[in-house]
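Down below is the structure, laid out as C-alpha cells.
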Amino acid sequence: MAASPVQISRLGGIGAATLVVALIAAALGAVAWRAEGGYSLGPADWAAVRFTLWQAFLSALISVALAVPVARALARRRFVGRGVLIALLGAPFILPVIVAVLGILAVFGRGGWVNQLLGHWGFEPLSIYGLGGVLLAHVFFNLPLATRLILQGWQGIPAERFRLAAQLGLTPRIVFRVLEWPVLLRVVPGALALIFVICLASFAVALTLGGGPRATTIELAIYQAFLFDFDLGRAAMLSLMQLGMAGAAAVLALWLVPQVSLTGGMGRMVRRWDAPTGVLRWVDAALIALAAAFLLVPLLSVVLSGLPGITALPANVFRAAWSSIWVSCVSVCVLLALALPMAGWIGTSRRGGVEAAGLLGFAASPLMIGTGWFILIYPYVAPSSLALPVTALVNALMALPFALRILVPGVRDVVAAQGRLSAALGLRGWRLWLWVILPGVRPQVGFAAGLAAALSMGDLGVIALFADQDHATLPLQMYRLMGAYQMQAAAGAALLLILLAFGAFWICDAWGRRGAVSE
Amino acid sequence: MLGGDVVLYLNDILIELGDFSLRADLSVPAGRKVAIIGPSGAGKSTLVGAVAGFVPLARGAVTMQGKDITHVAPDKRGMAMLFQDGNLFPHLTAAQNVGLGLRPALRLTAEEQGQVRDALARVGLAGFEDRTPANLSGGQQSRAALARMLVQGQPLMLLDEPFAALGPALRDEMLDLVGTVAADTGAAVMMVTHAPQDVRRFADDVIFVEGGRAHAPQAAEALMDNPPPALKAYLG
C-alpha cells in the first residue's frame, strides 16, 4: 500500500513549528538589533570561543574513548546487579547539573575524598577548577550516555551471529573486527556529535567549575557580559557566535545523532562465548567497578551529606522548590502542546527534513534565547517578574528535539498499524488524536514529558539571567547557597532537587507505561 | 455492463507501483460473494486496496452504484473493510470498536448502543461488550470486527485475508458468519483468499488475478471444476 492514508491536519504541526521558529527568530532579531552597535569581539571573547570548542571536543573524545571499553565489558559479562547498573547509566541524563557538580566537588574538590587520600600519601592537592573540572563534569554526564548508545548498538547484533562465531572458534580479536567494529563505526560518530553539541552549550558546569580567562564558555561569557557589565552589545555578539557554532554543529549532527532512549541497552542480554577468561576477566571487572564508582560515589556523597540538612532547610529553599515545580509543570504543558502536533505532522509526512525544525532547539542556546527575550522585555516590564514563565518556555524549547526523537517513531508505528483502519472508519482530526494516536503513543508521551519535567526541574541556565532575590528556582537557590558556603543547606537542597527531578520523571513515565496496551 | 444491479465497476483501471502494474476492467453484481484468488505477489491485496481507496490509480475510474468514487476518501466510498490484521483498536473495548462503525464518535445514543449490543449478539459475542481485544481470542476478535461490518451496513464488504491466521474449522465458521452478515445487510463481498476450499465453501464468483491482470468474475463452481491453464497451474 503506497499512499499514507492517515489524515492528520498539517495546520497544527506547521503552526507549532512556526511558533518555535518565531520565538527563536524574535530572540535572534533582538540580539542582532542590539549587536549592531558595532561591538567587535576582543581577545577575551575569542578565548571563550576557543575554550568552548576545545572543551566540547575533548569532552566528546574522552567520554566516547572511555565508553568503548566500559560498554564492551558490560556487553560481555554477566553479573548480579548488571541490569540495575545499566538502568543507572540513564540517570545522569536527567540529573540536575548543579547536583552533580556538588557531588563531584565532594569527591574531587579541594577538601574532597581524593585530595584527602593524596594528602595522606604526601602528594600536592589537585585543583578541580578550570579545564580539568569542566571535563570531569562533562565526562560524568556523557560517559554513561555514550556507554548506553554503544551498548544499545551492540545488543542489536543478533545472538545467532555470536553463536556462529563461537561455533567457528573465532578469537575475541576477530569477533571484535567482524561483529563489534562495524557497529562501533556506525554508533561512535553519532555519540561524538551528540556530546559535542551538548557540551557546546555548557553553562552551569562552566559557571561552577570553570570561569576566569582560561575556562569560560561562550554561554558563561554571555551571562557575565550581562550580569557584571550589562553590556548588551557584547552579549548579543557572543550570542550570535554561539548560534553560528552550535547551528553548524547541529546541522552536522542532524545526520549522525542516534535515537535517544533511556531504556536503551536494557534488552535481553545476549549470551556471549567470546569473553576471555583469566586476567582479562579481571580487567573487565575493574573497568565496570571503576565506571560504577565514578558514577555512584559523587551521587552517594550528595545523598549522604544531604540527609542531615533536609530537615532543616531554610524557607527560601521551599519557596524556590515551589517555583521549580511550577516551572516544570508549565514546561511540560508547553512542550506537549508544541511537540505533539509537530510529531503528528512529521510522523505522517514522507520527507524527514521537517524534523529539522525541532532540532533548532539544539542550535539555539538557552542563554541566546534568554538574552533576546530580555532585550525585548525589559523596556516594558521588569524581566524578573517574567523570570519563571520565560524559563519554562525556554526549557520546553530545549527539550523539544529530544521529545521529537522520542515521539515521531511512536507516531509512525501507530500510523503504520492503525492508519488504514482509522481511514476506513473515517476517524480524523481531534477524534483521530484522542482515540487512536494518543492512546498509541502514551508510553512515548509519558517518557518525553518525564524527560522535560526533570530537565526543567534541574535547569540552571536562563533563570540566572532573569531572576532576582524573589524569583529563584531550586537549582539557582542551591547555587546561591553554595556561593555563600552554606554547604549543609546546599546539600539538603540538592537532595530535595534529586527527589523532585527523579520524582517528576517517574510520575510521567509511570503514567505512560501504565497505559501501554498489548495487542 | 452498467446494469442497475452492479454495485462496483472498475472501469479499465491501471495500478502502477514501481515495476509492478495491474489492470482490471470488471464489475461486481450487488449481493454477490466474490473470491479473489491468485499467486502470491500477483496483486490481490493491491486490487482490494485500490477499490478501498488506499492505492492510487494511474488510470481509469472506480464507480460505486453508478457514482464515480475514484477520488473519494476511503470512509466515504460506501464500503466496509477488514485487513489482514489490526482490525480492532487495542485500547478500545469490543463495543467501542463496533460503535466506531456506526459513526466515528465514541458517544453513542441509547439506540445506537442497542444496535451495537445486537450486532455483538448476532456474531455470538453477547456479554463481551466491555472486553478489550487483548482479552478476546483470535476468533472472537474476528467476530467483533464482523459485528462492526454488520452495523456499518455498507453495500460492499472488502476482506483482505482477515482469517488467514485462524485454524481451518474456525475459518469455516468465520466464512459462514461473513455469509450471514452479508445476507443480513444485502451487501456484496469481495474477499482475498489463498485457499481453494474457501472458494468452494463461500464464493459465488471468482476474480482470478495473475500476470498483471485481474480477470472478470466467473461463476465459482464451474471455474474451479474446469480451470483454465493459468488457474490450474496456480491450484496445482
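Starting from 1 in every chain, residues are counted up; chains themselves are A, B, ... following the order of the C-alpha cells, and ligands are numbered from 1 as listed.
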Do a neighbour search on Ser331 (chain A) at 12 Å with only C-alpha atoms, toss out local chain neighbours closer than 5 positions, and write the hits as a PDB file with C-alpha atoms, in the first residue's frame.
```
ATOM      1  CA  SER A 323       8.815  27.768  41.777  1.00  0.00           C
ATOM      2  CA  SER A 324      10.708  24.867  40.229  1.00  0.00           C
ATOM      3  CA  ILE A 325       7.668  22.601  40.373  1.00  0.00           C
ATOM      4  CA  TRP A 326       5.594  25.329  38.721  1.00  0.00           C
ATOM      5  CA  LEU A 336       3.492  18.725  24.704  1.00  0.00           C
ATOM      6  CA  ALA A 337       1.450  21.487  23.061  1.00  0.00           C
ATOM      7  CA  LEU A 338       4.354  22.055  20.661  1.00  0.00           C
ATOM      8  CA  ALA A 339       5.729  18.540  20.261  1.00  0.00           C
ATOM      9  CA  LEU A 388       9.628  31.880  35.678  1.00  0.00           C
ATOM     10  CA  PRO A 389       7.445  31.903  32.522  1.00  0.00           C
ATOM     11  CA  VAL A 390      10.445  32.623  30.299  1.00  0.00           C
ATOM     12  CA  THR A 391      12.415  29.858  31.998  1.00  0.00           C
ATOM     13  CA  ALA A 392       9.559  27.396  31.497  1.00  0.00           C
ATOM     14  CA  LEU A 393       9.272  28.362  27.842  1.00  0.00           C
ATOM     15  CA  VAL A 394      13.000  28.099  27.137  1.00  0.00           C
ATOM     16  CA  ASN A 395      13.173  24.757  28.945  1.00  0.00           C
ATOM     17  CA  ALA A 396      10.366  23.466  26.759  1.00  0.00           C
ATOM     18  CA  LEU A 397      12.240  24.564  23.622  1.00  0.00           C
ATOM     19  CA  MET A 398      15.383  22.838  24.870  1.00  0.00           C
ATOM     20  CA  ALA A 399      13.512  19.575  25.471  1.00  0.00           C
ATOM     21  CA  LEU A 400      11.778  19.754  22.078  1.00  0.00           C
ATOM     22  CA  ALA A 448       9.119  12.655  26.812  1.00  0.00           C
ATOM     23  CA  ALA A 449       7.112  14.532  29.450  1.00  0.00           C
ATOM     24  CA  GLY A 450       9.219  12.924  32.175  1.00  0.00           C
ATOM     25  CA  LEU A 451      12.441  13.977  30.486  1.00  0.00           C
ATOM     26  CA  ALA A 452      11.158  17.523  30.049  1.00  0.00           C
ATOM     27  CA  ALA A 453       9.908  17.690  33.641  1.00  0.00           C
ATOM     28  CA  ALA A 454      13.217  16.500  35.063  1.00  0.00           C
ATOM     29  CA  LEU A 455      15.374  18.661  32.769  1.00  0.00           C
ATOM     30  CA  SER A 456      13.264  21.684  33.576  1.00  0.00           C
ATOM     31  CA  MET A 457      13.289  20.948  37.304  1.00  0.00           C
ATOM     32  CA  ASP A 459      17.848  23.543  34.806  1.00  0.00           C
TER      33      ASP A 459
END
```
Quiz prompt | Exercise answer, chain B residues close to chain A, 9 Å and only C-alpha atoms, as a PyMOL selection string | solution = chain B and resi 17+45-46+49-50+52-56+73-76+79-83+85-92+100-101+103-106+133-134
Quiz item: Among chain B, which ones does DSSP place in alpha helix (DSSP H), written as an MDAnalysis selection string?
Solution: chainID B and resid 44:52 94:102 110:122 138:152 168:185 196:202 220:225 229:235
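Among the candidates B:Thr132, B:Gln96, B:Gln197, B:Gln84, the one nearest to Ala164 (chain B) when counting only C-alpha atoms is B:Gln84.
In this comparison, which uses only C-alpha atoms, the residue of A:Pro69, A:Pro172, A:Gly130, A:Gly83 approaching Ile150 (chain A) most closely is A:Pro69.
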Self-check item: Pick from A:Leu404, A:Ile98, A:Leu220, A:Val441 nearest to Leu476 (chain A), counting only C-alpha atoms
Solution: A:Ile98
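Each of A:Leu135, A:Val411, A:Ala44, A:Val332 was compared to Ala504 (chain A) using only C-alpha atoms, and A:Val332 turns out to be the nearest.
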Practice problem: Going by DSSP on the backbone, which bits of region 63-198 of chain B are strand (DSSP E or B)? Write them as a list in words, please. | Solution: Thr63, Met64, Lys67, Asp68, Met79, Ala80, Met81, Leu82, Leu156, Met157, Leu158, Leu159, Asp160, Ala188, Val189, Met190, Met191 and Val192 of chain B
Quiz prompt | Close residues, Ala187 (chain B) itself excluded, 8 Å, only C-alpha atoms, min 6 positions apart in chain, as an NGL selection string | solution = :B and (30-32 or 153-157)
Selected residues written out with N, CA and C atoms, as an mmCIF file, in the first residue's frame:
```
data_model
loop_
_atom_site.group_PDB
_atom_site.id
_atom_site.type_symbol
_atom_site.label_atom_id
_atom_site.label_comp_id
_atom_site.auth_asym_id
_atom_site.auth_seq_id
_atom_site.Cartn_x
_atom_site.Cartn_y
_atom_site.Cartn_z
ATOM 1 N N ALA B 30 -24.503 -6.667 -7.329
ATOM 2 C CA ALA B 30 -24.957 -6.453 -5.952
ATOM 3 C C ALA B 30 -25.250 -7.797 -5.295
ATOM 4 N N GLY B 31 -24.878 -7.909 -4.015
ATOM 5 C CA GLY B 31 -25.240 -9.078 -3.238
ATOM 6 C C GLY B 31 -24.436 -10.327 -3.531
ATOM 7 N N ARG B 32 -23.487 -10.287 -4.482
ATOM 8 C CA ARG B 32 -22.717 -11.490 -4.795
ATOM 9 C C ARG B 32 -21.515 -11.611 -3.878
ATOM 10 N N GLY B 153 -23.261 -1.638 7.698
ATOM 11 C CA GLY B 153 -24.337 -1.831 6.736
ATOM 12 C C GLY B 153 -24.048 -1.288 5.359
ATOM 13 N N GLN B 154 -22.789 -1.360 4.932
ATOM 14 C CA GLN B 154 -22.428 -0.842 3.613
ATOM 15 C C GLN B 154 -22.773 -1.854 2.528
ATOM 16 N N PRO B 155 -23.016 -1.389 1.306
ATOM 17 C CA PRO B 155 -23.393 -2.317 0.234
ATOM 18 C C PRO B 155 -22.244 -3.179 -0.284
ATOM 19 N N LEU B 156 -20.975 -2.876 0.137
ATOM 20 C CA LEU B 156 -19.854 -3.711 -0.307
ATOM 21 C C LEU B 156 -18.928 -3.976 0.872
ATOM 22 N N MET B 157 -18.609 -5.268 1.079
ATOM 23 C CA MET B 157 -17.673 -5.645 2.133
ATOM 24 C C MET B 157 -16.380 -6.122 1.479
#
```
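Atom to atom, CA of Ala489 (chain A) and CA of Gly309 (chain A) stand 5.6 Å apart.
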For Pro168 (chain B), work out the shell of residues within 12 Å, counting only C-alpha atoms and skipping chain neighbours fewer than 2 positions away, then give it as a PDB file with all heavy atoms, in the first residue's frame.
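Final output, saved to out-v1.pdb:
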```
ATOM      1  N   GLY B 139     -10.458 -15.803  17.264  1.00  0.00           N
ATOM      2  CA  GLY B 139     -11.764 -15.949  16.624  1.00  0.00           C
ATOM      3  C   GLY B 139     -12.732 -14.884  17.104  1.00  0.00           C
ATOM      4  O   GLY B 139     -13.496 -14.305  16.313  1.00  0.00           O
ATOM      5  N   PHE B 163      -8.853 -13.795   7.923  1.00  0.00           N
ATOM      6  CA  PHE B 163      -8.908 -15.010   8.745  1.00  0.00           C
ATOM      7  C   PHE B 163      -7.720 -15.921   8.511  1.00  0.00           C
ATOM      8  O   PHE B 163      -7.725 -17.072   8.935  1.00  0.00           O
ATOM      9  CB  PHE B 163     -10.205 -15.780   8.448  1.00  0.00           C
ATOM     10  CG  PHE B 163     -11.423 -14.909   8.463  1.00  0.00           C
ATOM     11  CD1 PHE B 163     -12.314 -14.918   7.403  1.00  0.00           C
ATOM     12  CD2 PHE B 163     -11.669 -14.062   9.537  1.00  0.00           C
ATOM     13  CE1 PHE B 163     -13.431 -14.107   7.414  1.00  0.00           C
ATOM     14  CE2 PHE B 163     -12.788 -13.253   9.549  1.00  0.00           C
ATOM     15  CZ  PHE B 163     -13.670 -13.269   8.486  1.00  0.00           C
ATOM     16  N   ALA B 164      -6.677 -15.397   7.840  1.00  0.00           N
ATOM     17  CA  ALA B 164      -5.554 -16.249   7.444  1.00  0.00           C
ATOM     18  C   ALA B 164      -4.874 -16.889   8.649  1.00  0.00           C
ATOM     19  O   ALA B 164      -4.323 -17.982   8.550  1.00  0.00           O
ATOM     20  CB  ALA B 164      -4.550 -15.429   6.636  1.00  0.00           C
ATOM     21  N   ALA B 165      -4.920 -16.205   9.814  1.00  0.00           N
ATOM     22  CA  ALA B 165      -4.200 -16.726  10.975  1.00  0.00           C
ATOM     23  C   ALA B 165      -5.028 -17.737  11.767  1.00  0.00           C
ATOM     24  O   ALA B 165      -4.541 -18.292  12.745  1.00  0.00           O
ATOM     25  CB  ALA B 165      -3.783 -15.577  11.884  1.00  0.00           C
ATOM     26  N   LEU B 166      -6.282 -17.971  11.366  1.00  0.00           N
ATOM     27  CA  LEU B 166      -7.141 -18.877  12.132  1.00  0.00           C
ATOM     28  C   LEU B 166      -7.016 -20.304  11.609  1.00  0.00           C
ATOM     29  O   LEU B 166      -6.678 -20.531  10.444  1.00  0.00           O
ATOM     30  CB  LEU B 166      -8.608 -18.432  12.033  1.00  0.00           C
ATOM     31  CG  LEU B 166      -8.903 -16.999  12.491  1.00  0.00           C
ATOM     32  CD1 LEU B 166     -10.382 -16.685  12.303  1.00  0.00           C
ATOM     33  CD2 LEU B 166      -8.493 -16.791  13.931  1.00  0.00           C
ATOM     34  N   LEU B 170     -12.201 -22.940  12.457  1.00  0.00           N
ATOM     35  CA  LEU B 170     -12.594 -21.588  12.838  1.00  0.00           C
ATOM     36  C   LEU B 170     -12.785 -20.721  11.593  1.00  0.00           C
ATOM     37  O   LEU B 170     -13.687 -19.874  11.527  1.00  0.00           O
ATOM     38  CB  LEU B 170     -11.495 -21.003  13.735  1.00  0.00           C
ATOM     39  CG  LEU B 170     -11.881 -19.867  14.681  1.00  0.00           C
ATOM     40  CD1 LEU B 170     -13.141 -20.220  15.455  1.00  0.00           C
ATOM     41  CD2 LEU B 170     -10.740 -19.598  15.644  1.00  0.00           C
ATOM     42  N   ARG B 171     -11.931 -20.957  10.588  1.00  0.00           N
ATOM     43  CA  ARG B 171     -12.031 -20.170   9.371  1.00  0.00           C
ATOM     44  C   ARG B 171     -13.356 -20.452   8.651  1.00  0.00           C
ATOM     45  O   ARG B 171     -14.015 -19.542   8.158  1.00  0.00           O
ATOM     46  CB  ARG B 171     -10.849 -20.489   8.459  1.00  0.00           C
ATOM     47  CG  ARG B 171     -10.456 -19.285   7.634  1.00  0.00           C
ATOM     48  CD  ARG B 171      -9.128 -19.450   6.992  1.00  0.00           C
ATOM     49  NE  ARG B 171      -9.121 -20.476   5.987  1.00  0.00           N
ATOM     50  CZ  ARG B 171      -8.050 -21.210   5.686  1.00  0.00           C
ATOM     51  NH1 ARG B 171      -6.924 -21.009   6.344  1.00  0.00           N
ATOM     52  NH2 ARG B 171      -8.106 -22.127   4.764  1.00  0.00           N
ATOM     53  N   ASP B 172     -13.739 -21.730   8.628  1.00  0.00           N
ATOM     54  CA  ASP B 172     -15.030 -22.089   8.030  1.00  0.00           C
ATOM     55  C   ASP B 172     -16.163 -21.373   8.760  1.00  0.00           C
ATOM     56  O   ASP B 172     -17.082 -20.830   8.143  1.00  0.00           O
ATOM     57  CB  ASP B 172     -15.240 -23.601   8.097  1.00  0.00           C
ATOM     58  CG  ASP B 172     -14.401 -24.323   7.046  1.00  0.00           C
ATOM     59  OD1 ASP B 172     -13.817 -23.617   6.192  1.00  0.00           O
ATOM     60  OD2 ASP B 172     -14.328 -25.560   7.086  1.00  0.00           O
ATOM     61  N   GLU B 173     -16.065 -21.369  10.099  1.00  0.00           N
ATOM     62  CA  GLU B 173     -17.089 -20.696  10.896  1.00  0.00           C
ATOM     63  C   GLU B 173     -17.193 -19.221  10.511  1.00  0.00           C
ATOM     64  O   GLU B 173     -18.282 -18.674  10.359  1.00  0.00           O
ATOM     65  CB  GLU B 173     -16.688 -20.762  12.372  1.00  0.00           C
ATOM     66  CG  GLU B 173     -17.602 -21.558  13.269  1.00  0.00           C
ATOM     67  CD  GLU B 173     -17.003 -21.597  14.665  1.00  0.00           C
ATOM     68  OE1 GLU B 173     -17.108 -20.570  15.358  1.00  0.00           O
ATOM     69  OE2 GLU B 173     -16.408 -22.634  15.032  1.00  0.00           O
ATOM     70  N   MET B 174     -16.009 -18.586  10.372  1.00  0.00           N
ATOM     71  CA  MET B 174     -15.989 -17.153  10.053  1.00  0.00           C
ATOM     72  C   MET B 174     -16.561 -16.890   8.660  1.00  0.00           C
ATOM     73  O   MET B 174     -17.281 -15.919   8.447  1.00  0.00           O
ATOM     74  CB  MET B 174     -14.557 -16.610  10.126  1.00  0.00           C
ATOM     75  CG  MET B 174     -13.997 -16.519  11.521  1.00  0.00           C
ATOM     76  SD  MET B 174     -15.064 -15.536  12.586  1.00  0.00           S
ATOM     77  CE  MET B 174     -14.964 -16.496  14.060  1.00  0.00           C
ATOM     78  N   LEU B 175     -16.223 -17.778   7.717  1.00  0.00           N
ATOM     79  CA  LEU B 175     -16.754 -17.607   6.359  1.00  0.00           C
ATOM     80  C   LEU B 175     -18.277 -17.676   6.379  1.00  0.00           C
ATOM     81  O   LEU B 175     -18.961 -16.871   5.722  1.00  0.00           O
ATOM     82  CB  LEU B 175     -16.195 -18.689   5.434  1.00  0.00           C
ATOM     83  CG  LEU B 175     -14.721 -18.555   5.063  1.00  0.00           C
ATOM     84  CD1 LEU B 175     -14.308 -19.701   4.159  1.00  0.00           C
ATOM     85  CD2 LEU B 175     -14.470 -17.227   4.376  1.00  0.00           C
ATOM     86  N   ALA B 195      -7.001 -20.042  -0.197  1.00  0.00           N
ATOM     87  CA  ALA B 195      -7.390 -21.450  -0.081  1.00  0.00           C
ATOM     88  C   ALA B 195      -8.534 -21.790  -1.029  1.00  0.00           C
ATOM     89  O   ALA B 195      -9.606 -21.197  -0.950  1.00  0.00           O
ATOM     90  CB  ALA B 195      -7.806 -21.732   1.362  1.00  0.00           C
ATOM     91  N   GLN B 197     -10.440 -24.283  -0.917  1.00  0.00           N
ATOM     92  CA  GLN B 197     -11.628 -24.778  -0.202  1.00  0.00           C
ATOM     93  C   GLN B 197     -12.492 -23.621   0.302  1.00  0.00           C
ATOM     94  O   GLN B 197     -13.710 -23.757   0.419  1.00  0.00           O
ATOM     95  CB  GLN B 197     -11.230 -25.726   0.947  1.00  0.00           C
ATOM     96  CG  GLN B 197     -10.446 -25.095   2.077  1.00  0.00           C
ATOM     97  CD  GLN B 197      -8.938 -25.189   1.840  1.00  0.00           C
ATOM     98  OE1 GLN B 197      -8.479 -25.244   0.689  1.00  0.00           O
ATOM     99  NE2 GLN B 197      -8.165 -25.207   2.918  1.00  0.00           N
ATOM    100  N   ASP B 198     -11.864 -22.461   0.596  1.00  0.00           N
ATOM    101  CA  ASP B 198     -12.637 -21.267   0.950  1.00  0.00           C
ATOM    102  C   ASP B 198     -13.550 -20.874  -0.204  1.00  0.00           C
ATOM    103  O   ASP B 198     -14.700 -20.486  -0.008  1.00  0.00           O
ATOM    104  CB  ASP B 198     -11.709 -20.075   1.243  1.00  0.00           C
ATOM    105  CG  ASP B 198     -11.034 -20.187   2.594  1.00  0.00           C
ATOM    106  OD1 ASP B 198     -11.241 -21.223   3.258  1.00  0.00           O
ATOM    107  OD2 ASP B 198     -10.320 -19.247   2.976  1.00  0.00           O
ATOM    108  N   ARG B 201     -16.494 -23.157  -0.448  1.00  0.00           N
ATOM    109  CA  ARG B 201     -17.424 -23.040   0.663  1.00  0.00           C
ATOM    110  C   ARG B 201     -18.235 -21.747   0.569  1.00  0.00           C
ATOM    111  O   ARG B 201     -19.390 -21.685   0.982  1.00  0.00           O
ATOM    112  CB  ARG B 201     -16.642 -23.044   1.971  1.00  0.00           C
ATOM    113  CG  ARG B 201     -17.553 -23.005   3.193  1.00  0.00           C
ATOM    114  CD  ARG B 201     -16.792 -23.168   4.482  1.00  0.00           C
ATOM    115  NE  ARG B 201     -17.737 -23.341   5.574  1.00  0.00           N
ATOM    116  CZ  ARG B 201     -18.075 -24.496   6.079  1.00  0.00           C
ATOM    117  NH1 ARG B 201     -17.556 -25.606   5.598  1.00  0.00           N
ATOM    118  NH2 ARG B 201     -18.951 -24.563   7.070  1.00  0.00           N
TER     119      ARG B 201
END
```
